[in-house]
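Here's data13.txt, which has compact mmCIF, C-alpha atoms and all ligand atoms:
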```txt
# COMPACT_ATOMS: atom_id res chain seq x y z
CA PRO A 10 17.29 24.39 -0.72
CA GLU A 11 19.01 21.29 -2.08
CA ARG A 12 22.63 21.11 -0.95
CA PRO A 13 25.28 18.91 -2.50
CA GLY A 14 26.43 16.14 -0.21
CA ILE A 15 23.25 15.99 1.83
CA LYS A 16 21.11 12.95 1.13
CA LEU A 17 17.76 11.76 2.37
CA LYS A 18 18.14 8.48 4.23
CA LEU A 19 15.41 5.93 3.47
CA ALA A 20 14.92 2.65 5.34
CA ILE A 21 13.24 -0.22 3.49
CA GLN A 22 12.80 -3.92 4.22
CA LYS A 23 15.94 -5.92 3.46
CA SER A 24 14.03 -8.96 2.21
CA GLY A 25 10.44 -10.12 2.53
CA ARG A 26 7.03 -9.09 1.33
CA LEU A 27 7.70 -5.34 1.08
CA HIS A 28 11.19 -5.41 -0.42
CA ASP A 29 10.42 -5.87 -4.13
CA ASP A 30 7.53 -3.40 -4.19
CA SER A 31 9.62 -0.82 -2.33
CA MET A 32 12.43 -1.15 -4.89
CA ARG A 33 9.91 -1.06 -7.74
CA LEU A 34 8.34 2.15 -6.44
CA LEU A 35 11.75 3.85 -6.35
CA LYS A 36 12.39 2.66 -9.89
CA GLU A 37 9.01 3.97 -11.06
CA CYS A 38 9.99 7.29 -9.48
CA GLY A 39 12.99 7.30 -11.80
CA ILE A 40 15.45 6.62 -8.98
CA ASP A 41 18.25 4.17 -9.76
CA ILE A 42 19.74 2.31 -6.85
CA SER A 43 23.19 0.82 -7.34
CA ASN A 44 22.01 -2.62 -6.33
CA GLY A 45 23.35 -4.37 -3.31
CA VAL A 46 20.70 -6.28 -1.42
CA ASN A 47 23.36 -8.05 0.58
CA LYS A 48 24.75 -4.77 1.77
CA LEU A 49 23.38 -2.72 4.63
CA LYS A 50 23.05 0.37 2.47
CA SER A 51 23.10 1.61 -1.08
CA GLU A 52 23.01 4.97 -2.85
CA ALA A 53 20.85 6.32 -5.61
CA THR A 54 22.90 7.31 -8.62
CA ASN A 55 20.55 10.05 -9.85
CA PHE A 56 18.75 11.37 -6.74
CA PRO A 57 20.03 12.54 -3.33
CA LEU A 58 18.92 9.36 -1.59
CA GLU A 59 20.65 6.74 0.52
CA VAL A 60 18.80 3.45 1.12
CA PHE A 61 19.20 1.28 4.22
CA PHE A 62 18.07 -2.36 4.10
CA LEU A 63 16.64 -3.44 7.47
CA ARG A 64 14.26 -5.84 9.22
CA ASP A 65 10.82 -4.28 8.89
CA ASP A 66 10.26 -4.39 12.67
CA ASP A 67 13.25 -2.11 13.21
CA ILE A 68 12.27 0.60 10.73
CA PRO A 69 10.00 2.72 13.00
CA GLN A 70 12.70 2.87 15.69
CA TYR A 71 15.40 3.89 13.22
CA VAL A 72 13.16 6.64 11.87
CA GLU A 73 12.25 7.88 15.34
CA ASP A 74 15.97 8.01 16.21
CA ALA A 75 16.79 9.81 12.91
CA VAL A 76 19.20 7.05 11.88
CA ALA A 77 16.94 7.07 8.83
CA ASP A 78 14.95 10.18 7.82
CA ILE A 79 12.10 8.21 6.29
CA GLY A 80 10.96 4.60 5.93
CA PHE A 81 8.65 2.41 3.89
CA VAL A 82 6.90 0.00 6.27
CA GLY A 83 3.54 -1.67 6.94
CA GLU A 84 0.96 0.25 8.98
CA ASN A 85 0.62 -2.86 11.14
CA VAL A 86 4.25 -2.52 12.26
CA VAL A 87 4.00 1.25 12.81
CA TYR A 88 0.89 0.99 14.98
CA GLU A 89 2.20 -2.02 16.90
CA LYS A 90 5.50 -0.30 17.76
CA LYS A 91 3.86 3.01 18.72
CA LYS A 92 6.99 5.01 17.86
CA LYS A 93 7.00 8.79 17.49
CA VAL A 94 7.04 9.16 13.71
CA ASP A 95 4.82 10.99 11.22
CA VAL A 96 2.77 9.08 8.67
CA THR A 97 3.18 10.91 5.38
CA GLU A 98 1.75 8.85 2.52
CA GLN A 99 0.03 5.55 1.79
CA LEU A 100 2.06 3.65 -0.79
CA GLY A 101 -0.62 1.35 -2.22
CA PHE A 102 1.21 -1.99 -1.83
CA GLY A 103 1.63 -4.55 0.96
CA LYS A 104 -2.11 -4.64 1.49
CA CYS A 105 -3.29 -7.05 4.16
CA ARG A 106 -5.41 -7.19 7.29
CA LEU A 107 -4.72 -8.19 10.86
CA SER A 108 -7.38 -10.73 11.74
CA ILE A 109 -8.58 -12.98 14.50
CA ALA A 110 -8.92 -16.63 13.47
CA VAL A 111 -10.24 -19.64 15.37
CA PRO A 112 -10.27 -23.37 14.55
CA LYS A 113 -12.77 -24.23 11.82
CA GLY A 114 -16.19 -25.08 13.18
CA GLU A 115 -15.66 -23.23 16.42
CA SER A 116 -18.35 -20.62 17.07
CA TYR A 117 -17.51 -16.92 17.20
CA THR A 118 -20.09 -14.18 17.44
CA ASP A 119 -18.05 -11.13 18.44
CA ALA A 120 -15.05 -10.07 20.55
CA THR A 121 -16.72 -11.38 23.72
CA SER A 122 -16.31 -14.90 22.31
CA LEU A 123 -12.60 -14.46 23.13
CA ARG A 124 -13.25 -13.94 26.85
CA GLY A 125 -10.84 -16.06 28.91
CA LYS A 126 -9.25 -17.52 25.79
CA ARG A 127 -5.59 -17.68 24.89
CA ILE A 128 -4.65 -15.77 21.74
CA ALA A 129 -1.34 -16.29 19.96
CA THR A 130 -0.03 -13.32 18.00
CA SER A 131 3.01 -11.32 16.92
CA TYR A 132 0.98 -8.14 17.52
CA PRO A 133 0.35 -8.05 21.29
CA VAL A 134 -0.15 -4.27 21.43
CA LEU A 135 -2.78 -4.16 18.69
CA VAL A 136 -4.57 -7.23 20.05
CA GLN A 137 -4.62 -5.75 23.57
CA ASP A 138 -6.05 -2.49 22.14
CA PHE A 139 -8.79 -4.50 20.43
CA LEU A 140 -9.61 -6.45 23.60
CA ASP A 141 -9.64 -3.28 25.73
CA LYS A 142 -11.91 -1.49 23.27
CA ASN A 143 -14.37 -4.37 23.59
CA ASN A 144 -13.98 -4.80 27.35
CA VAL A 145 -12.78 -8.35 26.95
CA GLN A 146 -10.19 -10.04 29.14
CA ALA A 147 -8.12 -12.69 27.44
CA GLU A 148 -4.59 -13.99 27.60
CA ILE A 149 -2.19 -12.89 24.87
CA HIS A 150 0.64 -15.23 24.01
CA GLU A 151 3.29 -13.48 21.96
CA ILE A 152 5.14 -15.51 19.36
CA SER A 153 7.33 -14.14 16.61
CA GLY A 154 6.42 -16.40 13.70
CA SER A 155 4.33 -19.37 12.47
CA VAL A 156 1.43 -18.08 14.52
CA GLU A 157 -1.03 -20.13 12.47
CA ILE A 158 0.19 -23.43 13.92
CA ALA A 159 -0.44 -22.36 17.53
CA PRO A 160 -4.00 -23.77 17.88
CA GLY A 161 -3.02 -27.07 16.24
CA ILE A 162 -0.27 -27.72 18.80
CA GLY A 163 -2.43 -26.72 21.74
CA LEU A 164 -0.67 -23.42 22.40
CA ALA A 165 -3.73 -21.20 21.94
CA ASN A 166 -7.48 -21.22 21.26
CA ALA A 167 -7.29 -18.41 18.73
CA ILE A 168 -4.73 -16.41 16.79
CA CYS A 169 -4.40 -12.88 15.49
CA ASP A 170 -2.24 -12.65 12.39
CA LEU A 171 -1.79 -10.92 9.04
CA VAL A 172 -3.96 -12.25 6.24
CA SER A 173 -4.12 -11.42 2.56
CA SER A 174 -5.72 -14.34 0.69
CA GLY A 175 -6.56 -16.45 3.72
CA SER A 176 -4.97 -19.60 2.24
CA THR A 177 -2.47 -19.99 5.10
CA LEU A 178 -5.33 -19.97 7.60
CA PHE A 179 -7.30 -22.44 5.51
CA MET A 180 -4.37 -24.85 5.24
CA ASN A 181 -4.04 -24.82 9.00
CA GLY A 182 -7.70 -25.55 9.67
CA LEU A 183 -8.50 -22.03 10.83
CA GLN A 184 -11.29 -19.62 9.90
CA GLU A 185 -10.95 -15.85 9.86
CA VAL A 186 -13.67 -14.40 12.09
CA GLU A 187 -12.83 -10.73 12.59
CA SER A 188 -10.48 -8.18 11.10
CA ILE A 189 -9.03 -5.71 13.61
CA LEU A 190 -6.84 -3.57 11.29
CA LYS A 191 -6.54 -2.93 7.57
CA SER A 192 -2.96 -2.29 6.56
CA GLN A 193 -0.77 -1.26 3.63
CA ALA A 194 2.76 0.05 3.25
CA ILE A 195 3.17 3.69 4.25
CA LEU A 196 5.89 6.30 4.20
CA ILE A 197 6.87 7.40 7.69
CA LYS A 198 9.19 10.26 8.52
CA ASN A 199 11.21 11.55 11.41
CA GLN A 200 9.37 14.27 13.33
CA ASP A 201 12.29 16.72 13.27
CA LEU A 202 13.33 16.48 9.65
CA GLY A 203 15.80 19.20 8.61
CA PRO A 204 14.81 21.66 5.85
CA VAL A 205 17.21 20.20 3.30
CA GLN A 206 15.92 16.67 3.93
CA GLN A 207 12.34 17.96 3.81
CA ALA A 208 12.98 19.56 0.42
CA ILE A 209 14.31 16.25 -0.95
CA LEU A 210 11.33 14.43 0.58
CA ASP A 211 8.94 16.87 -1.13
CA LYS A 212 10.53 16.00 -4.48
CA LEU A 213 10.23 12.30 -3.72
CA LEU A 214 6.60 12.65 -2.60
CA PHE A 215 5.73 14.52 -5.79
CA ARG A 216 7.08 11.60 -7.79
CA ILE A 217 5.36 8.98 -5.63
CA GLN A 218 2.04 10.76 -5.98
CA SER A 219 2.42 10.95 -9.77
CA VAL A 220 3.11 7.21 -9.93
CA LYS A 221 0.16 6.42 -7.65
CA LYS A 222 -2.26 8.56 -9.65
CA ALA A 223 -1.12 6.90 -12.88
CA LYS A 224 -1.67 3.43 -11.39
CA ASN A 225 -5.26 4.30 -10.60
CA THR A 226 -6.01 5.64 -14.05
CA LYS A 227 -6.28 4.35 -17.58
CA TYR A 228 -6.09 6.09 -20.90
CA VAL A 229 -9.15 5.17 -22.96
CA LEU A 230 -9.53 5.53 -26.73
CA LEU A 231 -12.76 4.71 -28.52
CA ASN A 232 -14.61 5.26 -31.78
CA ALA A 233 -18.03 6.89 -31.73
CA PRO A 234 -20.62 7.75 -34.37
CA ASN A 235 -20.89 11.55 -34.47
CA ASP A 236 -24.60 11.54 -33.59
CA LYS A 237 -23.73 9.78 -30.29
CA LEU A 238 -20.80 12.04 -29.40
CA ASP A 239 -22.66 14.27 -26.94
CA GLU A 240 -23.97 11.32 -24.96
CA ILE A 241 -20.57 9.58 -24.91
CA ILE A 242 -18.71 12.74 -23.89
CA SER A 243 -21.15 13.27 -21.03
CA LEU A 244 -20.15 9.86 -19.62
CA LEU A 245 -16.45 10.72 -19.55
CA PRO A 246 -14.99 12.66 -16.63
CA GLY A 247 -11.48 13.19 -18.07
CA MET A 248 -8.83 15.54 -16.73
CA LYS A 249 -10.26 18.54 -18.60
CA SER A 250 -12.53 17.33 -21.37
CA PRO A 251 -11.97 14.46 -23.78
CA THR A 252 -10.00 14.91 -26.99
CA VAL A 253 -12.21 14.38 -30.05
CA LEU A 254 -10.59 13.72 -33.43
CA PRO A 255 -12.33 13.01 -36.76
CA LEU A 256 -11.80 9.53 -38.19
CA ALA A 257 -11.05 8.92 -41.86
CA GLU A 258 -14.45 7.24 -42.09
CA GLN A 259 -17.19 9.88 -42.54
CA GLY A 260 -19.50 10.40 -39.57
CA TRP A 261 -17.18 8.85 -36.97
CA SER A 262 -14.82 10.30 -34.37
CA SER A 263 -12.10 9.04 -32.11
CA VAL A 264 -12.51 10.04 -28.45
CA HIS A 265 -9.60 9.97 -25.97
CA SER A 266 -9.97 10.31 -22.23
CA VAL A 267 -8.65 9.33 -18.80
CA LEU A 268 -10.65 7.12 -16.41
CA SER A 269 -9.96 6.13 -12.84
CA GLU A 270 -9.78 2.44 -11.96
CA ASN A 271 -12.75 2.44 -9.58
CA GLU A 272 -15.24 3.93 -12.07
CA PHE A 273 -13.71 2.11 -15.02
CA TRP A 274 -15.98 -0.93 -15.55
CA ASP A 275 -19.14 0.98 -14.86
CA ILE A 276 -18.31 3.67 -17.41
CA ILE A 277 -17.05 1.22 -20.05
CA GLU A 278 -20.41 -0.59 -19.97
CA ARG A 279 -22.31 2.64 -20.37
CA LEU A 280 -20.02 3.73 -23.22
CA LYS A 281 -20.71 0.49 -25.07
CA ALA A 282 -24.43 0.87 -24.49
CA ALA A 283 -24.21 4.40 -25.88
CA GLY A 284 -22.67 3.13 -29.15
CA ALA A 285 -18.91 3.35 -28.55
CA GLN A 286 -16.83 0.84 -30.53
CA GLY A 287 -13.23 -0.31 -30.68
CA ILE A 288 -12.55 0.67 -27.09
CA LEU A 289 -8.83 0.59 -26.24
CA VAL A 290 -7.59 0.84 -22.68
CA VAL A 291 -3.94 1.79 -22.17
CA PRO A 292 -1.93 2.00 -18.94
CA ILE A 293 -0.48 5.35 -17.93
CA GLU A 294 3.05 5.45 -16.59
CA LYS A 295 3.11 8.83 -14.82
CA MET A 296 0.54 11.53 -14.29
CA ILE A 297 1.63 15.08 -13.51
CA LEU A 298 -1.31 17.22 -12.45
P1 LIG B 301 11.50 -9.10 8.44
O1 LIG B 301 12.52 -10.15 8.23
O2 LIG B 301 11.84 -7.83 7.68
O3 LIG B 301 11.16 -8.83 9.87
P2 LIG B 301 8.85 -10.26 8.32
O4 LIG B 301 8.92 -11.74 8.20
O5 LIG B 301 8.53 -9.64 9.62
O6 LIG B 301 10.19 -9.65 7.70
P3 LIG B 301 7.09 -10.16 5.98
O7 LIG B 301 6.39 -11.46 6.11
O8 LIG B 301 8.07 -9.99 4.88
O9 LIG B 301 7.76 -9.67 7.35
O10 LIG B 301 5.96 -9.03 5.86
C1 LIG B 301 6.29 -7.69 5.81
C2 LIG B 301 5.03 -6.87 5.77
O11 LIG B 301 4.28 -7.18 4.59
C3 LIG B 301 4.03 -7.10 6.88
O12 LIG B 301 4.38 -6.44 8.07
C4 LIG B 301 2.76 -6.53 6.28
O13 LIG B 301 2.73 -5.12 6.42
C5 LIG B 301 2.91 -6.86 4.79
N1 LIG B 301 2.04 -7.97 4.33
C6 LIG B 301 1.23 -7.94 3.24
N2 LIG B 301 0.56 -9.08 3.08
C7 LIG B 301 0.92 -9.89 4.06
C8 LIG B 301 0.56 -11.23 4.42
N3 LIG B 301 -0.32 -11.95 3.75
N4 LIG B 301 1.16 -11.77 5.49
C9 LIG B 301 2.08 -11.08 6.17
N5 LIG B 301 2.43 -9.79 5.88
C10 LIG B 301 1.87 -9.20 4.84
MG MG B 302 9.43 -8.44 10.71
```
Kindly return the structure encoded in the file as structure tokens.
Ligand code: ATP
Ligand code: MG
Amino acid sequence: PERPGIKLKLAIQKSGRLHDDSMRLLKECGIDISNGVNKLKSEATNFPLEVFFLRDDDIPQYVEDAVADIGFVGENVVYEKKKKVDVTEQLGFGKCRLSIAVPKGESYTDATSLRGKRIATSYPVLVQDFLDKNNVQAEIHEISGSVEIAPGIGLANAICDLVSSGSTLFMNGLQEVESILKSQAILIKNQDLGPVQQAILDKLLFRIQSVKKAKNTKYVLLNAPNDKLDEIISLLPGMKSPTVLPLAEQGWSSVHSVLSENEFWDIIERLKAAGAQGILVVPIEKMIL
């Protein structure tokens, strides 16, 4: 029941690690945003969507309060803020982990090693949950940024911070000893979304899912001698079954199929071993199933 005039309001990060990937996802969904990063909000020109640019920390609250209908934000922020919102979809970017780190060379066996220690973090709620779960008492010192310098200036014995490559920890003489949460960007929504907004969200979700599926899959073309066709076809999962076309050269065929990223290398090796040649791997832009 799409109604003219009514738009879905989406909150994304104004600038920072999630901004570019959030904008890219909308673009891949075929949604054009009249660009204005310096503005508070912007409108899609070809989809009933209004985009708000906000600090990531504020997004769960805005969605709970229905200032925005939906938001793209890191799981870490959603679980730290404990707001009443629904988690609708994992978006596949902004991957990181929330980890405990201690100065290099310091021993750490498990959570009990933190007993009586002082932990600096921007995620006091998640760290307290972790300590409680392990029956460990420790002091949490909340700081909003540059957490990794806390041990070096004598502010804390350990930190809990977001890590992706670990290079920031390394440069600050810290070692990652335990990961307490794996995180990626997710789509959250207001719990009392109206039917018109829900219908627009369903359209958006359909597009997001098509983009995500395509990212995880590759289109594979290869040449196979006809006497090896059965074996090669049996290795290919495909959406239905592979397409097999005769080549100009007698006794050879071209085989086309779709492979998912996680089984890709394994299957490619077995295809080569089975006699496949001239294997081409092509990215897929969208996949509508
Ligand atoms: P804002 O100004 O919007 O509050 P911020 O400084 O809090 O921005 P960023 O550093 O831009 O936040 O990180 C935004 C999100 O990106 C994080 O909450 C997390 O979900 C994700 N992220 C992915 N990898 C990392 C990483 N290595 N370090 C920090 N955050 C990461
Ligand atoms: Mg923030």
Protein and nucleic acid residues within 8 Å of ligand LIG 301 (chain B) (all atoms listed in the file) as a PyMOL selection string: chain A and resi 22-28+63-67+82-86+102-106+154+170-175+192-194
Would you write out those residues with C-alpha atoms, as a compact mmCIF listing (two decimals), keeping the file's coordinate frame?
```txt
# COMPACT_ATOMS: atom_id res chain seq x y z
CA GLN A 22 12.80 -3.92 4.22
CA LYS A 23 15.94 -5.92 3.46
CA SER A 24 14.03 -8.96 2.21
CA GLY A 25 10.44 -10.12 2.53
CA ARG A 26 7.03 -9.09 1.33
CA LEU A 27 7.70 -5.34 1.08
CA HIS A 28 11.19 -5.41 -0.42
CA LEU A 63 16.64 -3.44 7.47
CA ARG A 64 14.26 -5.84 9.22
CA ASP A 65 10.82 -4.28 8.89
CA ASP A 66 10.26 -4.39 12.67
CA ASP A 67 13.25 -2.11 13.21
CA VAL A 82 6.90 0.00 6.27
CA GLY A 83 3.54 -1.67 6.94
CA GLU A 84 0.96 0.25 8.98
CA ASN A 85 0.62 -2.86 11.14
CA VAL A 86 4.25 -2.52 12.26
CA PHE A 102 1.21 -1.99 -1.83
CA GLY A 103 1.63 -4.55 0.96
CA LYS A 104 -2.11 -4.64 1.49
CA CYS A 105 -3.29 -7.05 4.16
CA ARG A 106 -5.41 -7.19 7.29
CA GLY A 154 6.42 -16.40 13.70
CA ASP A 170 -2.24 -12.65 12.39
CA LEU A 171 -1.79 -10.92 9.04
CA VAL A 172 -3.96 -12.25 6.24
CA SER A 173 -4.12 -11.42 2.56
CA SER A 174 -5.72 -14.34 0.69
CA GLY A 175 -6.56 -16.45 3.72
CA SER A 192 -2.96 -2.29 6.56
CA GLN A 193 -0.77 -1.26 3.63
CA ALA A 194 2.76 0.05 3.25
```
Pick from A:Gln200, A:Asn144, A:Asn181, A:Ser153, whichever lies nearest to ligand MG 302 (chain B) using only C-alpha atoms and all ligand atoms: A:Ser153
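Proximity ranking of A:Leu298, A:Ile21, A:Leu280, A:Val205 relative to ligand MG 302 (chain B) places A:Ile21 first, based on only C-alpha atoms and all ligand atoms.
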Tell me, as an mmCIF file with C-alpha atoms, in the coordinates of the input, which residues lie within 9 Å of Lys18 of chain A, counting all atoms listed in the file; anything in the same chain fewer than 5 positions away does not count.
```cif
data_model
loop_
_atom_site.group_PDB
_atom_site.id
_atom_site.type_symbol
_atom_site.label_atom_id
_atom_site.label_comp_id
_atom_site.auth_asym_id
_atom_site.auth_seq_id
_atom_site.Cartn_x
_atom_site.Cartn_y
_atom_site.Cartn_z
ATOM 1 C CA PRO A 57 20.030 12.540 -3.330
ATOM 2 C CA LEU A 58 18.920 9.360 -1.590
ATOM 3 C CA GLU A 59 20.650 6.740 0.520
ATOM 4 C CA VAL A 60 18.800 3.450 1.120
ATOM 5 C CA PHE A 61 19.200 1.280 4.220
ATOM 6 C CA ALA A 75 16.790 9.810 12.910
ATOM 7 C CA VAL A 76 19.200 7.050 11.880
ATOM 8 C CA ALA A 77 16.940 7.070 8.830
ATOM 9 C CA ASP A 78 14.950 10.180 7.820
ATOM 10 C CA ILE A 79 12.100 8.210 6.290
ATOM 11 C CA GLY A 80 10.960 4.600 5.930
ATOM 12 C CA GLN A 206 15.920 16.670 3.930
#
```
Selection near Ser262 of chain A, 7 Å with only C-alpha atoms, sequence-local residues under 4 positions removed, as a list in words: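 Once the adjacent positions are removed, what remains is Asn232, Ala233, Pro234, Asn235, Val253, Leu254, Pro255 and Leu256 of chain A.
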The selected residues should be written to file as an mmCIF file, in the coordinates of the input (atoms: C-alpha atoms).
```
data_model
loop_
_atom_site.group_PDB
_atom_site.id
_atom_site.type_symbol
_atom_site.label_atom_id
_atom_site.label_comp_id
_atom_site.auth_asym_id
_atom_site.auth_seq_id
_atom_site.Cartn_x
_atom_site.Cartn_y
_atom_site.Cartn_z
ATOM 1 C CA ASN A 232 -14.610 5.260 -31.780
ATOM 2 C CA ALA A 233 -18.030 6.890 -31.730
ATOM 3 C CA PRO A 234 -20.620 7.750 -34.370
ATOM 4 C CA ASN A 235 -20.890 11.550 -34.470
ATOM 5 C CA VAL A 253 -12.210 14.380 -30.050
ATOM 6 C CA LEU A 254 -10.590 13.720 -33.430
ATOM 7 C CA PRO A 255 -12.330 13.010 -36.760
ATOM 8 C CA LEU A 256 -11.800 9.530 -38.190
#
```
Residues near Leu268 of chain A, cut-off 10 Å, only C-alpha atoms, skip fewer than 3 positions along chain, as a list in words: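 Contacts, in chain order: Asn225, Thr226, Lys227, Tyr228, Val229, Leu245, Pro246, Gly247, Met248, Asn271, Glu272, Phe273, Trp274, Ile276, Ile277 and Val290 of chain A.
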Two-atom distance - atom CA of Ile40 of chain A, atom CA of Glu98 of chain A (Å):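 According to the coordinates, atom CA of Ile40 of chain A and atom CA of Glu98 of chain A are separated by 18.0 Å.
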Among the residues A:Ala223, A:Ile109, A:Ile152, A:Leu190, the one that comes closest to ligand MG 302 (chain B) [using only C-alpha atoms and all ligand atoms]: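 So, comparing all the options, the nearest one is A:Ile152.
The smallest atom-to-atom distance between Ser108 of chain A and any of A:Val156, A:Glu185, A:Glu73, A:Cys38, using all atoms listed in the file, is found for A:Glu185.
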Protein, DNA and RNA residues within 10 Å of (11.5, 13.0, 4.7), all atoms listed in the file, as a ChimeraX atom specification: /A:17-19,72,77-80,95,97,196-214
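For the residues A:Lys36, A:Lys191, A:Arg124, A:Lys90, ranking by smallest atom-to-atom distance to ligand MG 302 (chain B) using all atoms listed in the file places A:Lys90 first.
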Fill-in result for segment 201-225 of chain A, N, CA and C atoms as a PDB file, keeping the file's coordinate frame:
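This is the output file part-v7.pdb:
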```
ATOM      1  N   ASP A 201      11.480  15.492  13.304  1.00  0.00           N
ATOM      2  CA  ASP A 201      12.290  16.720  13.270  1.00  0.00           C
ATOM      3  C   ASP A 201      13.169  16.763  12.024  1.00  0.00           C
ATOM      4  N   LEU A 202      12.569  16.514  10.896  1.00  0.00           N
ATOM      5  CA  LEU A 202      13.330  16.480   9.650  1.00  0.00           C
ATOM      6  C   LEU A 202      13.910  17.869   9.348  1.00  0.00           C
ATOM      7  N   GLY A 203      15.187  17.919   8.963  1.00  0.00           N
ATOM      8  CA  GLY A 203      15.800  19.200   8.610  1.00  0.00           C
ATOM      9  C   GLY A 203      15.236  19.745   7.303  1.00  0.00           C
ATOM     10  N   PRO A 204      15.399  21.051   7.051  1.00  0.00           N
ATOM     11  CA  PRO A 204      14.810  21.660   5.850  1.00  0.00           C
ATOM     12  C   PRO A 204      15.360  21.102   4.542  1.00  0.00           C
ATOM     13  N   VAL A 205      16.640  20.746   4.534  1.00  0.00           N
ATOM     14  CA  VAL A 205      17.210  20.200   3.300  1.00  0.00           C
ATOM     15  C   VAL A 205      16.603  18.822   3.015  1.00  0.00           C
ATOM     16  N   GLN A 206      16.522  17.997   4.076  1.00  0.00           N
ATOM     17  CA  GLN A 206      15.920  16.670   3.930  1.00  0.00           C
ATOM     18  C   GLN A 206      14.453  16.794   3.519  1.00  0.00           C
ATOM     19  N   GLN A 207      13.760  17.770   4.129  1.00  0.00           N
ATOM     20  CA  GLN A 207      12.340  17.960   3.810  1.00  0.00           C
ATOM     21  C   GLN A 207      12.160  18.330   2.338  1.00  0.00           C
ATOM     22  N   ALA A 208      13.076  19.157   1.825  1.00  0.00           N
ATOM     23  CA  ALA A 208      12.980  19.560   0.420  1.00  0.00           C
ATOM     24  C   ALA A 208      13.182  18.354  -0.503  1.00  0.00           C
ATOM     25  N   ILE A 209      14.100  17.467  -0.128  1.00  0.00           N
ATOM     26  CA  ILE A 209      14.310  16.250  -0.950  1.00  0.00           C
ATOM     27  C   ILE A 209      13.072  15.359  -0.838  1.00  0.00           C
ATOM     28  N   LEU A 210      12.528  15.252   0.390  1.00  0.00           N
ATOM     29  CA  LEU A 210      11.330  14.430   0.580  1.00  0.00           C
ATOM     30  C   LEU A 210      10.162  14.969  -0.262  1.00  0.00           C
ATOM     31  N   ASP A 211      10.019  16.291  -0.325  1.00  0.00           N
ATOM     32  CA  ASP A 211       8.940  16.870  -1.130  1.00  0.00           C
ATOM     33  C   ASP A 211       9.073  16.457  -2.593  1.00  0.00           C
ATOM     34  N   LYS A 212      10.299  16.444  -3.088  1.00  0.00           N
ATOM     35  CA  LYS A 212      10.530  16.000  -4.480  1.00  0.00           C
ATOM     36  C   LYS A 212      10.151  14.539  -4.646  1.00  0.00           C
ATOM     37  N   LEU A 213      10.551  13.723  -3.655  1.00  0.00           N
ATOM     38  CA  LEU A 213      10.230  12.300  -3.720  1.00  0.00           C
ATOM     39  C   LEU A 213       8.716  12.082  -3.653  1.00  0.00           C
ATOM     40  N   LEU A 214       8.054  12.805  -2.752  1.00  0.00           N
ATOM     41  CA  LEU A 214       6.600  12.650  -2.600  1.00  0.00           C
ATOM     42  C   LEU A 214       5.863  13.047  -3.878  1.00  0.00           C
ATOM     43  N   PHE A 215       6.345  14.105  -4.531  1.00  0.00           N
ATOM     44  CA  PHE A 215       5.730  14.520  -5.790  1.00  0.00           C
ATOM     45  C   PHE A 215       5.786  13.384  -6.805  1.00  0.00           C
ATOM     46  N   ARG A 216       6.930  12.716  -6.852  1.00  0.00           N
ATOM     47  CA  ARG A 216       7.080  11.600  -7.790  1.00  0.00           C
ATOM     48  C   ARG A 216       6.198  10.416  -7.393  1.00  0.00           C
ATOM     49  N   ILE A 217       6.180  10.107  -6.092  1.00  0.00           N
ATOM     50  CA  ILE A 217       5.360   8.980  -5.630  1.00  0.00           C
ATOM     51  C   ILE A 217       3.888   9.224  -5.947  1.00  0.00           C
ATOM     52  N   GLN A 218       3.439  10.447  -5.720  1.00  0.00           N
ATOM     53  CA  GLN A 218       2.040  10.760  -5.980  1.00  0.00           C
ATOM     54  C   GLN A 218       1.710  10.657  -7.468  1.00  0.00           C
ATOM     55  N   SER A 219       2.643  11.059  -8.321  1.00  0.00           N
ATOM     56  CA  SER A 219       2.420  10.950  -9.770  1.00  0.00           C
ATOM     57  C   SER A 219       2.308   9.488 -10.197  1.00  0.00           C
ATOM     58  N   VAL A 220       3.154   8.639  -9.609  1.00  0.00           N
ATOM     59  CA  VAL A 220       3.110   7.210  -9.930  1.00  0.00           C
ATOM     60  C   VAL A 220       1.807   6.597  -9.437  1.00  0.00           C
ATOM     61  N   LYS A 221       1.399   6.970  -8.221  1.00  0.00           N
ATOM     62  CA  LYS A 221       0.160   6.420  -7.650  1.00  0.00           C
ATOM     63  C   LYS A 221      -1.062   6.820  -8.468  1.00  0.00           C
ATOM     64  N   LYS A 222      -1.115   8.082  -8.851  1.00  0.00           N
ATOM     65  CA  LYS A 222      -2.260   8.560  -9.650  1.00  0.00           C
ATOM     66  C   LYS A 222      -2.322   7.794 -10.959  1.00  0.00           C
ATOM     67  N   ALA A 223      -1.156   7.600 -11.591  1.00  0.00           N
ATOM     68  CA  ALA A 223      -1.120   6.900 -12.880  1.00  0.00           C
ATOM     69  C   ALA A 223      -1.615   5.473 -12.728  1.00  0.00           C
ATOM     70  N   LYS A 224      -1.253   4.810 -11.609  1.00  0.00           N
ATOM     71  CA  LYS A 224      -1.670   3.430 -11.390  1.00  0.00           C
ATOM     72  C   LYS A 224      -3.172   3.308 -11.301  1.00  0.00           C
ATOM     73  N   ASN A 225      -3.815   4.346 -10.791  1.00  0.00           N
ATOM     74  CA  ASN A 225      -5.260   4.300 -10.600  1.00  0.00           C
ATOM     75  C   ASN A 225      -6.020   4.783 -11.818  1.00  0.00           C
TER      76      ASN A 225
END
```
